[in-house]
>>> print(open('entry.cif').read())   # mmCIF, C-alpha atoms
data_protein
loop_
_atom_site.label_atom_id
_atom_site.label_comp_id
_atom_site.auth_asym_id
_atom_site.auth_seq_id
_atom_site.Cartn_x
_atom_site.Cartn_y
_atom_site.Cartn_z
CA MET Y 16 54.70 147.17 178.41
CA ILE Y 17 53.05 148.63 175.32
CA SER Y 18 49.67 147.00 174.73
CA LEU Y 19 48.76 145.67 171.32
CA PRO Y 20 45.53 147.00 169.83
CA PHE Y 21 44.18 143.50 169.20
CA ASP Y 22 40.77 142.70 170.53
CA GLU Y 23 41.14 141.23 174.05
CA SER Y 24 39.47 137.93 173.25
CA ALA Y 25 41.78 137.38 170.27
CA ILE Y 26 44.77 137.83 172.58
CA ARG Y 27 43.26 135.44 175.13
CA ARG Y 28 42.69 132.87 172.40
CA ALA Y 29 46.27 133.23 171.14
CA ARG Y 30 47.65 132.77 174.65
CA ARG Y 31 45.41 129.79 175.37
CA LEU Y 32 46.52 128.20 172.10
CA ALA Y 33 50.18 128.67 173.02
CA GLU Y 34 49.57 127.11 176.44
CA THR Y 35 47.40 124.21 175.33
CA THR Y 36 49.36 123.19 172.24
CA PRO Y 37 52.62 121.67 173.39
CA PRO Y 38 55.15 122.10 170.60
CA ASP Y 39 56.21 118.45 170.87
CA GLU Y 40 52.85 117.48 169.33
CA CYS Y 41 54.08 118.68 165.93
CA ASP Y 42 54.04 115.89 163.38
CA PRO Y 43 57.53 115.23 161.94
CA ARG Y 44 56.08 114.28 158.53
CA VAL Y 45 54.34 117.62 158.20
CA GLU Y 46 57.48 119.35 159.35
CA ALA Y 47 59.59 117.77 156.65
CA LEU Y 48 57.11 119.03 154.05
CA VAL Y 49 56.84 122.54 155.40
CA ASN Y 50 60.54 123.00 156.28
CA GLU Y 51 61.36 124.34 152.85
CA LEU Y 52 58.40 126.73 152.86
CA ILE Y 53 59.10 127.88 156.43
CA GLY Y 54 62.72 128.41 155.47
CA ARG Y 55 61.56 130.79 152.77
CA VAL Y 56 58.96 132.76 154.68
CA ALA Y 57 60.67 132.85 158.10
CA ASP Y 58 63.13 135.33 156.74
CA LYS Y 59 63.69 138.60 158.53
CA TRP Y 60 63.24 140.77 155.44
CA THR Y 61 60.17 138.87 154.22
CA MET Y 62 58.52 139.35 157.60
CA ILE Y 63 59.33 143.05 157.80
CA ILE Y 64 58.17 143.74 154.22
CA LEU Y 65 54.97 141.81 154.99
CA GLU Y 66 54.34 144.05 158.01
CA GLU Y 67 55.00 147.26 156.07
CA LEU Y 68 52.62 146.26 153.28
CA GLU Y 69 49.99 145.26 155.83
CA GLN Y 70 50.09 148.70 157.39
CA GLN Y 71 50.43 150.81 154.27
CA GLY Y 72 48.49 148.80 151.68
CA THR Y 73 50.07 149.33 148.26
CA MET Y 74 53.63 150.70 148.30
CA ARG Y 75 56.10 151.79 145.66
CA PHE Y 76 59.55 150.25 145.55
CA THR Y 77 61.13 153.54 146.71
CA GLN Y 78 58.69 153.80 149.65
CA LEU Y 79 59.53 150.26 150.72
CA SER Y 80 63.24 150.93 150.45
CA ARG Y 81 62.85 153.90 152.85
CA ALA Y 82 60.48 152.03 155.21
CA VAL Y 83 62.58 148.87 155.61
CA THR Y 84 65.56 150.16 157.56
CA GLY Y 85 68.89 148.59 156.71
CA ILE Y 86 67.87 146.67 153.59
CA SER Y 87 70.01 147.06 150.45
CA GLN Y 88 68.37 147.73 147.07
CA LYS Y 89 69.64 144.38 145.88
CA MET Y 90 68.18 142.47 148.86
CA LEU Y 91 64.87 144.34 148.58
CA THR Y 92 64.60 143.50 144.86
CA GLN Y 93 65.45 139.87 145.52
CA THR Y 94 63.07 139.48 148.48
CA LEU Y 95 60.15 141.13 146.62
CA ARG Y 96 60.77 138.88 143.65
CA GLN Y 97 60.68 135.77 145.86
CA MET Y 98 57.50 137.03 147.55
CA GLU Y 99 55.93 137.61 144.14
CA ARG Y 100 56.95 134.13 142.99
CA ASP Y 101 55.47 132.60 146.19
CA GLY Y 102 52.17 134.41 145.58
CA MET Y 103 52.48 136.80 148.57
CA VAL Y 104 52.52 140.08 146.63
CA THR Y 105 51.36 141.36 143.26
CA ARG Y 106 53.69 143.67 141.36
CA LYS Y 107 52.22 146.34 139.14
CA VAL Y 108 54.17 148.43 136.64
CA HIS Y 109 52.60 151.82 135.88
CA PRO Y 110 53.51 152.96 132.36
CA VAL Y 111 53.80 156.65 133.26
CA ILE Y 112 56.80 158.96 132.83
CA PRO Y 113 58.92 158.21 134.77
CA PRO Y 114 57.50 154.65 135.13
CA HIS Y 115 56.93 153.31 138.60
CA VAL Y 116 56.32 149.93 140.19
CA ASP Y 117 54.20 149.16 143.22
CA TYR Y 118 53.50 146.15 145.40
CA THR Y 119 50.33 144.94 147.16
CA LEU Y 120 49.77 141.94 149.45
CA THR Y 121 47.61 139.14 148.08
CA ASP Y 122 45.11 137.28 150.29
CA LEU Y 123 47.77 134.59 150.72
CA GLY Y 124 50.26 137.22 151.95
CA LYS Y 125 47.66 138.66 154.33
CA SER Y 126 46.95 135.20 155.77
CA LEU Y 127 50.66 134.66 156.43
CA GLY Y 128 50.74 138.01 158.22
CA ALA Y 129 47.87 136.90 160.44
CA ALA Y 130 49.59 133.58 161.17
CA PHE Y 131 52.68 135.48 162.31
CA CYS Y 132 50.64 137.50 164.81
CA GLY Y 133 51.23 134.84 167.49
CA VAL Y 134 54.98 135.30 167.05
CA TRP Y 135 54.68 139.10 167.35
CA LEU Y 136 52.66 138.65 170.55
CA TRP Y 137 55.31 136.26 171.86
CA ALA Y 138 58.05 138.78 171.06
CA GLU Y 139 56.15 141.56 172.83
CA ASP Y 140 55.62 139.39 175.91
CA ASN Y 141 59.19 138.16 176.04
CA LEU Y 142 61.37 141.13 175.08
CA ALA Y 143 62.40 141.63 178.73
CA ARG Y 144 63.18 137.92 179.26
CA VAL Y 145 65.38 137.77 176.17
CA ALA Y 146 67.16 140.98 177.20
CA ALA Y 147 67.82 139.53 180.68
CA ALA Y 148 69.13 136.28 179.18
CA ARG Y 149 71.51 138.23 176.92
CA GLU Y 150 72.78 140.31 179.81
CA ALA Y 151 73.43 137.22 181.93
CA PHE Y 152 75.18 135.48 179.02
CA ASP Y 153 77.41 138.46 178.23
CA ALA Y 154 78.38 138.85 181.92
CA ARG Y 155 79.73 135.29 182.17
CA MET U 21 46.57 116.74 153.03
CA ILE U 22 48.39 115.34 156.07
CA SER U 23 46.50 116.23 159.23
CA LEU U 24 48.30 117.69 162.20
CA PRO U 25 47.89 115.84 165.47
CA PHE U 26 46.73 118.99 167.25
CA ASP U 27 43.49 118.85 169.15
CA GLU U 28 40.64 119.96 166.85
CA SER U 29 39.55 122.87 169.02
CA ALA U 30 43.11 124.25 169.12
CA ILE U 31 43.17 124.23 165.33
CA ARG U 32 39.75 125.92 165.18
CA ARG U 33 40.98 128.58 167.60
CA ALA U 34 44.13 129.19 165.54
CA ARG U 35 42.10 129.56 162.36
CA ARG U 36 39.55 131.87 164.00
CA LEU U 37 42.39 134.00 165.32
CA ALA U 38 43.93 134.26 161.86
CA GLU U 39 40.56 135.29 160.43
CA THR U 40 39.49 137.71 163.14
CA THR U 41 42.81 139.47 163.66
CA PRO U 42 43.50 141.59 160.61
CA PRO U 43 47.26 142.03 160.33
CA ASP U 44 46.84 145.76 159.74
CA GLU U 45 45.83 146.12 163.41
CA CYS U 46 49.45 145.61 164.41
CA ASP U 47 50.80 148.59 166.36
CA PRO U 48 53.81 150.18 164.57
CA ARG U 49 55.42 151.13 167.93
CA VAL U 50 55.39 147.53 169.09
CA GLU U 51 56.69 146.44 165.74
CA ALA U 52 59.69 148.72 165.93
CA LEU U 53 60.52 147.21 169.32
CA VAL U 54 60.11 143.63 168.30
CA ASN U 55 61.67 143.90 164.81
CA GLU U 56 65.12 143.20 166.15
CA LEU U 57 63.95 140.20 168.16
CA ILE U 58 61.85 138.85 165.28
CA GLY U 59 64.84 139.27 162.98
CA ARG U 60 66.81 137.03 165.31
CA VAL U 61 64.25 134.30 165.93
CA ALA U 62 62.63 134.22 162.47
CA ASP U 63 65.69 132.55 161.11
CA LYS U 64 65.37 129.32 159.20
CA TRP U 65 68.00 127.47 161.22
CA THR U 66 66.72 128.73 164.57
CA MET U 67 63.23 127.51 163.72
CA ILE U 68 64.38 124.09 162.54
CA ILE U 69 66.66 123.56 165.58
CA LEU U 70 63.75 124.61 167.82
CA GLU U 71 61.54 121.96 166.18
CA GLU U 72 64.18 119.24 166.50
CA LEU U 73 64.74 119.95 170.18
CA GLU U 74 60.98 120.04 170.78
CA GLN U 75 60.63 116.56 169.34
CA GLN U 76 63.74 114.95 170.77
CA GLY U 77 64.16 116.73 174.12
CA THR U 78 67.85 116.96 174.94
CA MET U 79 70.21 116.45 171.99
CA ARG U 80 73.97 116.28 171.59
CA PHE U 81 75.73 118.56 169.14
CA THR U 82 76.50 115.61 166.83
CA GLN U 83 72.85 114.46 166.88
CA LEU U 84 71.70 117.96 165.95
CA SER U 85 74.21 118.19 163.15
CA ARG U 86 72.80 114.96 161.66
CA ALA U 87 69.15 115.95 162.24
CA VAL U 88 69.34 119.44 160.71
CA THR U 89 69.85 118.66 157.04
CA GLY U 90 72.11 121.03 155.15
CA ILE U 91 73.50 123.01 158.10
CA SER U 92 77.27 123.48 158.32
CA GLN U 93 79.12 122.83 161.61
CA LYS U 94 80.01 126.50 161.75
CA MET U 95 76.42 127.69 161.25
CA LEU U 96 75.12 125.15 163.79
CA THR U 97 77.67 126.30 166.39
CA GLN U 98 76.81 129.94 165.73
CA THR U 99 73.01 129.45 165.80
CA LEU U 100 73.14 127.39 169.02
CA ARG U 101 75.30 130.04 170.64
CA GLN U 102 72.81 132.79 169.70
CA MET U 103 69.92 130.65 170.97
CA GLU U 104 71.79 130.09 174.25
CA ARG U 105 72.46 133.83 174.55
CA ASP U 106 68.77 134.60 173.89
CA GLY U 107 67.74 132.17 176.65
CA MET U 108 66.14 129.59 174.27
CA VAL U 109 68.43 126.65 175.08
CA THR U 110 70.67 125.54 177.91
CA ARG U 111 74.03 124.06 177.02
CA LYS U 112 75.53 121.37 179.24
CA VAL U 113 79.09 120.09 179.02
CA HIS U 114 79.53 116.55 180.34
CA PRO U 115 83.08 116.03 181.69
CA VAL U 116 83.40 112.45 180.49
CA ILE U 117 86.02 110.96 178.16
CA PRO U 118 85.56 111.96 175.41
CA PRO U 119 83.63 115.03 176.67
CA HIS U 120 80.28 115.77 175.13
CA VAL U 121 77.92 118.73 174.99
CA ASP U 122 74.15 118.66 174.86
CA TYR U 123 71.35 121.17 174.41
CA THR U 124 67.86 121.40 175.92
CA LEU U 125 65.05 123.90 175.28
CA THR U 126 64.22 126.28 178.11
CA ASP U 127 60.61 127.25 178.91
CA LEU U 128 61.20 130.41 176.88
CA GLY U 129 62.31 128.32 173.89
CA LYS U 130 59.27 126.06 174.28
CA SER U 131 56.94 129.08 174.33
CA LEU U 132 58.46 130.37 171.09
CA GLY U 133 57.90 126.94 169.55
CA ALA U 134 54.22 127.12 170.55
CA ALA U 135 53.91 130.65 169.11
CA PHE U 136 55.28 129.38 165.80
CA CYS U 137 52.60 126.66 165.61
CA GLY U 138 50.25 129.07 163.78
CA VAL U 139 52.90 129.54 161.10
CA TRP U 140 53.36 125.77 160.71
CA LEU U 141 49.58 125.38 160.34
CA TRP U 142 49.58 128.16 157.74
CA ALA U 143 52.38 126.43 155.83
CA GLU U 144 50.55 123.12 155.90
CA ASP U 145 47.32 124.74 154.64
CA ASN U 146 49.03 126.74 151.92
CA LEU U 147 51.72 124.47 150.48
CA ALA U 148 49.60 123.81 147.38
CA ARG U 149 48.80 127.50 146.86
CA VAL U 150 52.47 128.49 147.07
CA ALA U 151 53.43 125.68 144.69
CA ALA U 152 50.77 126.84 142.19
CA ALA U 153 51.96 130.45 142.46
CA ARG U 154 55.56 129.38 141.77
CA GLU U 155 54.53 127.31 138.79
CA ALA U 156 52.54 130.21 137.31
CA PHE U 157 55.43 132.63 137.93
CA ASP U 158 58.03 130.34 136.37
CA ALA U 159 55.81 129.77 133.30
CA ARG U 160 55.60 133.50 132.48
#
>>> encode(input="entry.cif", output="C-alpha coordinates")
Amino acid sequence: MISLPFDESAIRRARRLAETTPPDECDPRVEALVNELIGRVADKWTMIILEELEQQGTMRFTQLSRAVTGISQKMLTQTLRQMERDGMVTRKVHPVIPPHVDYTLTDLGKSLGAAFCGVWLWAEDNLARVAAAREAFDAR
Amino acid sequence: MISLPFDESAIRRARRLAETTPPDECDPRVEALVNELIGRVADKWTMIILEELEQQGTMRFTQLSRAVTGISQKMLTQTLRQMERDGMVTRKVHPVIPPHVDYTLTDLGKSLGAAFCGVWLWAEDNLARVAAAREAFDAR
(Lines of atoms letter the chains of each structure in order from A and count residues from 1; the text may use other names and numbers.)
(Lines give C-alpha, C1' and ligand atoms only; values in the text may rest on other atoms or scores of the structure.)
Protein backbone atom coordinates (compact mmCIF):
# COMPACT_ATOMS: atom_id res chain seq x y z
CA MET A 1 0.00 0.00 0.00
CA ILE A 2 1.38 3.39 -1.00
CA SER A 3 0.95 5.88 1.83
CA LEU A 4 -0.55 9.28 1.17
CA PRO A 5 1.54 12.26 2.26
CA PHE A 6 -1.34 13.74 4.27
CA ASP A 7 -0.66 14.63 7.85
CA GLU A 8 -1.54 11.62 10.05
CA SER A 9 -4.13 13.41 12.13
CA ALA A 10 -5.96 14.58 8.99
CA ILE A 11 -6.18 10.96 7.84
CA ARG A 12 -7.41 9.86 11.27
CA ARG A 13 -10.06 12.58 11.19
CA ALA A 14 -11.19 11.57 7.70
CA ARG A 15 -11.48 7.92 8.76
CA ARG A 16 -13.33 8.78 11.96
CA LEU A 17 -15.74 10.93 9.96
CA ALA A 18 -16.42 8.07 7.55
CA GLU A 19 -17.06 5.70 10.46
CA THR A 20 -19.17 8.00 12.59
CA THR A 21 -21.32 9.49 9.84
CA PRO A 22 -23.66 6.79 8.61
CA PRO A 23 -24.62 7.62 5.04
CA ASP A 24 -28.31 7.02 5.80
CA GLU A 25 -28.30 10.24 7.84
CA CYS A 26 -28.22 12.26 4.62
CA ASP A 27 -31.21 14.55 4.33
CA PRO A 28 -33.28 13.79 1.20
CA ARG A 29 -34.25 17.47 0.79
CA VAL A 30 -30.63 18.53 0.63
CA GLU A 31 -29.91 15.71 -1.75
CA ALA A 32 -32.57 16.82 -4.19
CA LEU A 33 -31.01 20.29 -4.22
CA VAL A 34 -27.44 19.13 -4.64
CA ASN A 35 -28.14 16.29 -7.11
CA GLU A 36 -27.79 18.56 -10.09
CA LEU A 37 -24.56 20.08 -8.79
CA ILE A 38 -23.13 16.69 -7.82
CA GLY A 39 -24.06 15.39 -11.25
CA ARG A 40 -21.93 18.14 -12.76
CA VAL A 41 -18.88 17.93 -10.53
CA ALA A 42 -18.80 14.14 -9.99
CA ASP A 43 -17.60 13.71 -13.52
CA LYS A 44 -14.47 11.74 -14.22
CA TRP A 45 -12.85 14.41 -16.39
CA THR A 46 -13.75 17.26 -14.04
CA MET A 47 -12.15 15.39 -11.15
CA ILE A 48 -8.98 14.55 -13.06
CA ILE A 49 -8.57 18.11 -14.41
CA LEU A 50 -9.10 19.40 -10.86
CA GLU A 51 -6.30 17.15 -9.60
CA GLU A 52 -3.90 18.18 -12.38
CA LEU A 53 -4.48 21.88 -11.74
CA GLU A 54 -4.05 21.34 -8.00
CA GLN A 55 -0.65 19.80 -8.55
CA GLN A 56 0.64 22.04 -11.31
CA GLY A 57 -0.99 25.38 -10.49
CA THR A 58 -1.64 27.27 -13.73
CA MET A 59 -1.61 25.14 -16.90
CA ARG A 60 -1.92 25.85 -20.59
CA PHE A 61 -4.55 24.07 -22.64
CA THR A 62 -1.87 22.04 -24.45
CA GLN A 63 -0.27 20.98 -21.13
CA LEU A 64 -3.64 19.83 -19.83
CA SER A 65 -4.36 17.91 -22.99
CA ARG A 66 -1.07 15.99 -22.54
CA ALA A 67 -1.56 15.50 -18.77
CA VAL A 68 -5.13 14.17 -18.91
CA THR A 69 -4.64 10.80 -20.57
CA GLY A 70 -7.38 9.70 -22.93
CA ILE A 71 -9.34 12.96 -23.12
CA SER A 72 -10.27 14.30 -26.57
CA GLN A 73 -9.67 17.96 -27.44
CA LYS A 74 -13.41 18.43 -27.74
CA MET A 75 -14.14 16.91 -24.31
CA LEU A 76 -11.32 18.91 -22.70
CA THR A 77 -12.64 22.17 -24.20
CA GLN A 78 -16.17 21.36 -23.08
CA THR A 79 -15.19 20.30 -19.54
CA LEU A 80 -12.98 23.38 -19.01
CA ARG A 81 -15.79 25.60 -20.22
CA GLN A 82 -18.24 24.03 -17.76
CA MET A 83 -15.68 24.36 -14.95
CA GLU A 84 -15.19 28.02 -15.85
CA ARG A 85 -18.95 28.59 -15.90
CA ASP A 86 -19.30 26.88 -12.47
CA GLY A 87 -16.59 29.15 -11.03
CA MET A 88 -13.97 26.38 -10.56
CA VAL A 89 -11.30 27.76 -12.90
CA THR A 90 -10.31 31.11 -14.35
CA ARG A 91 -9.32 31.22 -18.01
CA LYS A 92 -6.73 33.72 -19.14
CA VAL A 93 -5.92 34.55 -22.75
CA HIS A 94 -2.37 35.86 -23.29
CA PRO A 95 -2.25 38.18 -26.32
CA VAL A 96 1.20 37.06 -27.46
CA ILE A 97 2.22 35.57 -30.82
CA PRO A 98 1.13 32.82 -31.06
CA PRO A 99 -1.60 33.54 -28.45
CA HIS A 100 -2.03 31.08 -25.62
CA VAL A 101 -4.66 30.32 -23.01
CA ASP A 102 -4.11 29.08 -19.48
CA TYR A 103 -6.26 27.87 -16.63
CA THR A 104 -5.97 28.28 -12.84
CA LEU A 105 -8.14 26.89 -10.03
CA THR A 106 -10.22 29.41 -8.08
CA ASP A 107 -10.67 29.12 -4.30
CA LEU A 108 -14.00 27.41 -5.02
CA GLY A 109 -12.23 24.84 -7.23
CA LYS A 110 -9.59 24.27 -4.54
CA SER A 111 -12.28 23.70 -1.90
CA LEU A 112 -13.95 21.08 -4.11
CA GLY A 113 -10.58 19.37 -4.49
CA ALA A 114 -10.22 19.24 -0.71
CA ALA A 115 -13.75 17.85 -0.32
CA PHE A 116 -12.88 15.05 -2.75
CA CYS A 117 -9.87 14.04 -0.64
CA GLY A 118 -12.06 11.66 1.39
CA VAL A 119 -13.01 9.87 -1.82
CA TRP A 120 -9.35 9.56 -2.89
CA LEU A 121 -8.52 8.11 0.53
CA TRP A 122 -11.41 5.67 0.18
CA ALA A 123 -10.17 4.63 -3.28
CA GLU A 124 -6.64 4.09 -1.95
CA ASP A 125 -7.93 1.98 0.95
CA ASN A 126 -10.28 -0.07 -1.19
CA LEU A 127 -8.46 -0.69 -4.47
CA ALA A 128 -7.73 -4.31 -3.45
CA ARG A 129 -11.32 -4.97 -2.32
CA VAL A 130 -12.75 -3.67 -5.59
CA ALA A 131 -10.23 -5.71 -7.59
CA ALA A 132 -11.20 -8.86 -5.64
CA ALA A 133 -14.91 -8.18 -6.19
CA ARG A 134 -14.33 -7.79 -9.94
CA GLU A 135 -12.35 -11.00 -10.12
CA ALA A 136 -15.05 -12.93 -8.27
CA PHE A 137 -17.77 -11.43 -10.49
CA ASP A 138 -15.93 -12.22 -13.72
CA ALA A 139 -15.27 -15.83 -12.60
CA ARG A 140 -18.98 -16.59 -12.10
CA MET B 1 -29.64 27.24 3.97
CA ILE B 2 -31.03 23.80 4.80
CA SER B 3 -29.01 22.22 7.58
CA LEU B 4 -27.77 18.66 7.29
CA PRO B 5 -28.77 16.32 10.08
CA PHE B 6 -25.15 15.33 10.71
CA ASP B 7 -23.83 15.62 14.22
CA GLU B 8 -22.21 19.06 14.67
CA SER B 9 -18.78 17.72 15.55
CA ALA B 10 -18.72 15.54 12.41
CA ILE B 11 -19.42 18.62 10.31
CA ARG B 12 -16.71 20.58 12.14
CA ARG B 13 -14.26 17.75 11.52
CA ALA B 14 -15.14 17.62 7.81
CA ARG B 15 -14.65 21.36 7.46
CA ARG B 16 -11.35 21.32 9.37
CA LEU B 17 -10.15 18.50 7.15
CA ALA B 18 -11.04 20.46 4.02
CA GLU B 19 -9.17 23.49 5.37
CA THR B 20 -6.10 21.72 6.71
CA THR B 21 -5.53 19.30 3.84
CA PRO B 22 -4.35 21.30 0.85
CA PRO B 23 -5.30 19.37 -2.28
CA ASP B 24 -1.82 19.88 -3.71
CA GLU B 25 -0.50 17.42 -1.11
CA CYS B 26 -2.05 14.56 -3.07
CA ASP B 27 0.57 12.03 -4.17
CA PRO B 28 0.68 11.70 -8.00
CA ARG B 29 1.58 7.97 -7.74
CA VAL B 30 -1.52 7.24 -5.71
CA GLU B 31 -3.57 9.33 -8.08
CA ALA B 32 -2.47 7.33 -11.09
CA LEU B 33 -3.56 4.17 -9.30
CA VAL B 34 -6.90 5.45 -8.17
CA ASN B 35 -7.79 7.41 -11.34
CA GLU B 36 -9.41 4.40 -12.92
CA LEU B 37 -11.42 3.58 -9.80
CA ILE B 38 -12.43 7.22 -9.28
CA GLY B 39 -13.48 7.39 -12.92
CA ARG B 40 -15.82 4.49 -12.27
CA VAL B 41 -17.35 5.59 -8.97
CA ALA B 42 -17.45 9.36 -9.61
CA ASP B 43 -20.29 8.84 -11.99
CA LYS B 44 -23.49 10.78 -11.55
CA TRP B 45 -25.76 7.74 -11.71
CA THR B 46 -23.57 5.63 -9.42
CA MET B 47 -23.63 8.38 -6.80
CA ILE B 48 -27.39 8.89 -7.00
CA ILE B 49 -28.14 5.13 -6.85
CA LEU B 50 -25.77 4.89 -3.86
CA GLU B 51 -27.73 7.64 -2.08
CA GLU B 52 -31.10 6.04 -2.83
CA LEU B 53 -30.00 2.66 -1.53
CA GLU B 54 -28.51 4.29 1.57
CA GLN B 55 -31.84 5.88 2.39
CA GLN B 56 -34.16 3.03 1.46
CA GLY B 57 -32.09 -0.06 2.28
CA THR B 58 -33.01 -2.84 -0.13
CA MET B 59 -34.81 -1.73 -3.30
CA ARG B 60 -36.34 -3.52 -6.26
CA PHE B 61 -35.27 -2.64 -9.77
CA THR B 62 -38.66 -1.00 -10.47
CA GLN B 63 -38.44 1.10 -7.27
CA LEU B 64 -34.98 2.31 -8.26
CA SER B 65 -36.13 3.17 -11.75
CA ARG B 66 -38.88 5.38 -10.26
CA ALA B 67 -36.59 6.91 -7.60
CA VAL B 68 -33.71 7.86 -9.91
CA THR B 69 -35.25 10.64 -11.98
CA GLY B 70 -34.17 10.77 -15.61
CA ILE B 71 -32.32 7.44 -15.80
CA SER B 72 -33.15 5.09 -18.69
CA GLN B 73 -33.82 1.38 -18.03
CA LYS B 74 -30.72 0.55 -20.03
CA MET B 75 -28.47 2.92 -18.07
CA LEU B 76 -29.92 1.72 -14.74
CA THR B 77 -29.29 -1.93 -15.69
CA GLN B 78 -25.75 -1.11 -16.80
CA THR B 79 -24.88 1.02 -13.73
CA LEU B 80 -26.26 -1.59 -11.28
CA ARG B 81 -24.28 -4.29 -13.03
CA GLN B 82 -21.05 -2.27 -12.74
CA MET B 83 -21.80 -1.55 -9.07
CA GLU B 84 -22.39 -5.27 -8.48
CA ARG B 85 -19.13 -6.12 -10.25
CA ASP B 86 -17.25 -3.53 -8.15
CA GLY B 87 -18.65 -5.07 -4.94
CA MET B 88 -20.89 -2.06 -4.05
CA VAL B 89 -24.26 -3.85 -4.20
CA THR B 90 -25.56 -7.38 -3.90
CA ARG B 91 -28.25 -8.47 -6.34
CA LYS B 92 -30.86 -10.99 -5.22
CA VAL B 93 -33.31 -12.75 -7.51
CA HIS B 94 -36.50 -13.88 -5.76
CA PRO B 95 -37.97 -16.96 -7.48
CA VAL B 96 -41.59 -15.95 -7.00
CA ILE B 97 -44.28 -15.44 -9.65
CA PRO B 98 -43.68 -12.97 -11.19
CA PRO B 99 -39.96 -13.10 -10.24
CA HIS B 100 -38.38 -9.98 -8.85
CA VAL B 101 -34.86 -8.70 -8.30
CA ASP B 102 -33.64 -6.45 -5.52
CA TYR B 103 -30.44 -4.63 -4.64
CA THR B 104 -28.75 -3.91 -1.30
CA LEU B 105 -25.58 -1.94 -0.51
CA THR B 106 -22.61 -3.94 0.74
CA ASP B 107 -20.33 -2.60 3.50
CA LEU B 108 -17.97 -1.45 0.74
CA GLY B 109 -20.80 0.50 -0.91
CA LYS B 110 -21.76 2.04 2.44
CA SER B 111 -18.16 3.14 3.06
CA LEU B 112 -18.06 4.86 -0.34
CA GLY B 113 -21.29 6.64 0.56
CA ALA B 114 -19.68 7.90 3.78
CA ALA B 115 -16.57 9.05 1.88
CA PHE B 116 -18.79 11.07 -0.45
CA CYS B 117 -20.40 12.91 2.49
CA GLY B 118 -17.68 15.60 2.33
CA VAL B 119 -18.63 16.27 -1.29
CA TRP B 120 -22.33 16.55 -0.40
CA LEU B 121 -21.45 19.02 2.38
CA TRP B 122 -19.34 20.99 -0.10
CA ALA B 123 -22.23 21.08 -2.57
CA GLU B 124 -24.64 22.25 0.11
CA ASP B 125 -22.25 25.02 1.21
CA ASN B 126 -21.46 26.18 -2.31
CA LEU B 127 -24.75 25.96 -4.23
CA ALA B 128 -25.15 29.75 -4.07
CA ARG B 129 -21.57 30.42 -5.17
CA VAL B 130 -21.88 28.11 -8.17
CA ALA B 131 -25.23 29.69 -9.11
CA ALA B 132 -23.67 33.17 -8.92
CA ALA B 133 -20.71 32.07 -11.06
CA ARG B 134 -23.06 30.66 -13.71
CA GLU B 135 -25.13 33.81 -13.76
CA ALA B 136 -22.02 35.99 -14.19
CA PHE B 137 -20.69 33.69 -16.94
CA ASP B 138 -23.97 33.64 -18.85
CA ALA B 139 -24.26 37.45 -18.64
CA ARG B 140 -20.90 38.03 -20.36
>>> resolve_selection(input="entry.cif", expression="the PyMOL selection byres ((chain U and resi 128-130) around 7)", output="list of chain:residue names")
Y:Pro38, U:Gly107, U:Met108, U:Val109, U:Leu125, U:Thr126, U:Asp127, U:Ser131, U:Leu132, U:Gly133, U:Ala134
>>> residues_around(input="entry.cif", residues="Asn146 in chain U", least_positions_apart="4", cutoff="10 Å", atoms="only C-alpha atoms", output="ChimeraX atom specification")
/Y:49,52,123,126-127 /U:140-142,150-152
>>> closest_residue(input="entry.cif", among="Y:Ser80, Y:Thr94, Y:Ser87, Y:Gln70", to="chain U", atoms="only C-alpha atoms")
Y:Gln70
>>> closest_residue(input="entry.cif", among="U:Lys64, U:Arg160, U:Arg86, U:Arg111", to="chain Y", atoms="only C-alpha atoms")
U:Lys64
>>> closest_residue(input="entry.cif", among="U:Leu100, U:Ala148, U:Ala135, U:Ala159", to="chain Y", atoms="all atoms listed in the file")
U:Ala135
>>> closest_residue(input="entry.cif", among="U:Met103, U:Asp145, U:Val139, U:Asp122", to="chain Y", atoms="all atoms listed in the file")
U:Val139
>>> residues_around(input="entry.cif", residues="range 119-121 of chain U", least_positions_apart="5", cutoff="8 Å", atoms="only C-alpha atoms", output="list in words")
Arg80, Phe81, Arg111, Lys112, Val113 and His114 of chain U
>>> atom_distance(input="entry.cif", atom1="CA of Gly77 in chain U", atom2="CA of Leu147 in chain U")
27.8 Å
